[in-house]
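Report on the following structure.
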Number of protein chains: 2
Amino acid sequence: MDTGPKIAQVAALIGDPARANMLSALMDGRTLTASELAYVSGVAPQTASGHLAKLSDAGLLALARQGRRRYFRLASPHVARVLEGLMVVAQDGPARQRNLWRGGETLRHARTCYDHMAGRIAVAIADRLVQQSFILLDEDGGQLTDAGRSFFDEFGVDLRLASKRRVFCRPCLDWSERRPHLAGALGAAILHHALEHDWVEHVRDSRALVVTPAGVSGLATTFGIEGALSRDGSEGQVASLSRGRVAVFSG
Amino acid sequence: MDTGPKIAQVAALIGDPARANMLSALMDGRTLTASELAYVSGVAPQTASGHLAKLSDAGLLALARQGRRRYFRLASPHVARVLEGLMVVAQDGPARQRNLWRGGETLRHARTCYDHMAGRIAVAIADRLVQQSFILLDEDGGQLTDAGRSFFDEFGVDLRLASKRRVFCRPCLDWSERRPHLAGALGAAILHHALEHDWVEHVRDSRALVVTPAGVSGLATTFGIEGALSRDGSEGQVASLSRGRVAVFSG
DNA sequence: GAAACACTACGGTCTTGGCCGAAGTATTCG
DNA sequence: CGAATACTTCGGCCAAGACCGTAGTGTTTC
């Protein structure tokens, strides 16, 4: 029955800005050194060291020492999911200005989400795949159709990972677009493919991705995606009605 | 790029023991009054009032006033998922004693998880359904098979919810068993059915469920579940090897 | 072996925020 | 209308913990 305190302990750990910055920086699955994490979190190395010790002790980070430096990464995908979930809640929570995002425009456009793509591009890809009946996908689950299986075969995505009868197509709620995009092994395979073919490139020190010219044509011919590729604020989509937070429900 | 601070804000909110207790108490989807929440969180009403204001402002709780009292509930299933995720991370984090759980034995056996069942029973049900090829389920996703569809039809679960082509079978990682159980609309339907037929009953002021005699036979004949029903500590399952938290990975 | 580097441990300062007593505002009941 | 109930606001107390300066330990480089 002491589930509350356990939750609180972990949440309090994530609840410090410096630590949250560290975890955010690791959300794409990279491994970073203590110094790098000190820098991104905006605190002195001594302070960062303390934070990192706490996060490791709690099992949120995995640590590997190599010579005189220590490499940290998220201990498991579970941690990444919690962080992603917190982003979602943080976004739809306060019904405040959603569009004062400015700075994050590149992130909103395309970024990595642990091991797959997120952002407008990723949502567009997912939408397109659903529209063509290659996958079924909503907030609660996803699955590859037979048509989808042949599509991805032809597309060149390695589906051997998917051998057996494993379900490997799952949704991940995009915190910037507030719609599900494709995660799981299939999502990871698409990102892998995109990086492999230089469709997208990592932005240094960021989870952001930029779409290359090759990517523009590749995404267009493969998925038939055009509109979502323009990165300038063609924020056509109405910001959805702001559900009042103080919902009156029949009790 | 300010995703860190946003995460931190929400996490810090959950990171206070009193507030975490409140959220935990609401995890089964109930609506509770401010007084009740003050009681479960172990603080004075004035203090609780402040906490509840913060949680509502942040959009974690939805509030309905009715006469002189205020009813609170989780603002969305997203919040419940974050809490469940935190439980999972809290469990596998510190590789400490997993079996000093004592008090929570009832919870480990069967409980609600927002709108569906969790605990040994729920994992057993999911396992059985997978074994009989009625569903596919792993940590990343789930799906109902054709055989499963007819099974649930016969079983009497209302699948009309599942109309269209919606995917509605999703996994939820059980923090006590560390294996996925069935969530989503299908999981909710099973819980609904079980409550409807008096297979299980809520334990007052708790998320725990007790299995009635009717439930024992119902679960046995319907799902073929026997072993998992004995609630005495037949903790046969070895506690899994304790993966050292400081994993050395090739960097 | 000395110097530079990466990280950790310790100690003291200072802010944040949780806590409750007391008092104040709605709502219901007799 | 007054008392009881449910909740909120205010103010002061207090402890937890984030922060960095200083001083270490271990590792690499020259």
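Naming scheme: A, B, ... for chains in displayed order of the structure tokens; residues 1 onward per chain; ligands 1 onward as shown.
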
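Around Ala75 of chain B, within 6 Å and counting only C-alpha atoms (C1' of nucleotides), the residues found are B:Leu60, B:Leu61, B:Ala62, once anything fewer than 5 positions away on its own chain is removed.
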
Please produce a file of those selected residues containing N, CA and C atoms, as an mmCIF file, in the first residue's frame.
data_model
loop_
_atom_site.group_PDB
_atom_site.id
_atom_site.type_symbol
_atom_site.label_atom_id
_atom_site.label_comp_id
_atom_site.auth_asym_id
_atom_site.auth_seq_id
_atom_site.Cartn_x
_atom_site.Cartn_y
_atom_site.Cartn_z
ATOM 1 N N LEU B 60 -3.142 17.965 -13.512
ATOM 2 C CA LEU B 60 -3.046 16.537 -13.205
ATOM 3 C C LEU B 60 -4.373 16.014 -12.666
ATOM 4 N N LEU B 61 -5.120 16.885 -12.025
ATOM 5 C CA LEU B 61 -6.401 16.476 -11.470
ATOM 6 C C LEU B 61 -7.537 17.272 -12.105
ATOM 7 N N ALA B 62 -8.663 16.628 -12.236
ATOM 8 C CA ALA B 62 -9.878 17.309 -12.663
ATOM 9 C C ALA B 62 -10.739 17.491 -11.427
#

Note to self: Should the cut-off be 10 Å, what would the residue list for chain D against chain B look like, counting only C-alpha atoms (C1' of nucleotides), as a list in words?
What the structure shows: DT5, DA6, DC7, DT8 and DT9 of chain D

Store the residues picked out above, limited to C-alpha atoms (C1' of nucleotides), as a short mmCIF file (atom, residue, chain, number, x, y, z; two decimals), in the first residue's frame.
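Output saved as part_21.cif:
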data_model
loop_
_atom_site.label_atom_id
_atom_site.label_comp_id
_atom_site.auth_asym_id
_atom_site.auth_seq_id
_atom_site.Cartn_x
_atom_site.Cartn_y
_atom_site.Cartn_z
"C1'" DT D 5 -19.58 21.09 7.66
"C1'" DA D 6 -16.21 21.46 3.85
"C1'" DC D 7 -12.82 23.83 2.23
"C1'" DT D 8 -9.39 27.92 1.57
"C1'" DT D 9 -6.17 31.69 2.87
#

Item checked: Non-local contacts of Phe151 of chain A (10 Å; only C-alpha atoms (C1' of nucleotides); under 5 positions in same chain excluded) as a PyMOL selection string -> chain A and resi 129+134+145-146+156-157+222

File dump, residues just selected, C-alpha atoms, as a compact mmCIF listing (two decimals), in the first residue's frame:
# COMPACT_ATOMS: atom_id res chain seq x y z
CA LEU A 129 0.71 4.59 -43.07
CA PHE A 134 -0.37 -0.42 -43.74
CA THR A 145 -1.37 -5.24 -41.54
CA ASP A 146 -0.57 -7.78 -44.22
CA GLY A 156 13.71 -2.53 -47.35
CA VAL A 157 13.08 -2.34 -43.67
CA THR A 222 8.16 6.45 -50.26

Margin query: At a cut-off of 8 Å, which residues of chain C touch chain A? Count only C-alpha atoms (C1' of nucleotides) and give the answer as a PyMOL selection string.
Written below: chain C and resi 6-8

Item checked: Which of segment 73-143 of chain B fall in alpha helix (DSSP H), as number ranges by chain -> B: 77-92, 105-109, 120-131

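Residues within 12 Å of DG11 of chain C, counting only C-alpha atoms (C1' of nucleotides) and excluding same-chain residues fewer than 6 positions away, are DC20, DG21, DT22 and DA23 of chain D.
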
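Of the residues under consideration (B:Leu74, B:Ala208, B:Ala147, B:Ala11), B:Ala11 shows the shortest atom-to-atom contact distance to Ala90 of chain A when counting only C-alpha atoms.
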
Next item on the list: Give the strand (DSSP E) residues of segment 1-250 of chain A, as DSSP finds them on the backbone, and put them as a ChimeraX atom specification.
Entry: /A:32-33,61-66,69-74,111-113,116-118,135-138,141-144,170-173,180-183,200-202,209-211

Item checked: Å distance separating atom CA of Gly15 of chain A from atom CA of Leu26 of chain B, one decimal place -> 20.7 Å

Check: Could you name the residues that touch DG18 of chain C at 12 Å or less, counting only C-alpha atoms (C1' of nucleotides), but leaving out those on the same chain fewer than 5 positions away, as a ChimeraX atom specification?
Finding: /B:16-19,43-44,46-48,50-51 /D:13-16

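Of note, atom CA of Leu37 of chain B and atom CA of Ala58 of chain B are spaced 17.3 Å apart.
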
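Take the candidates A:Lys54, A:His202, A:His78, A:Arg73 and check each one against chain B using only C-alpha atoms; the shortest distance goes to A:His78.
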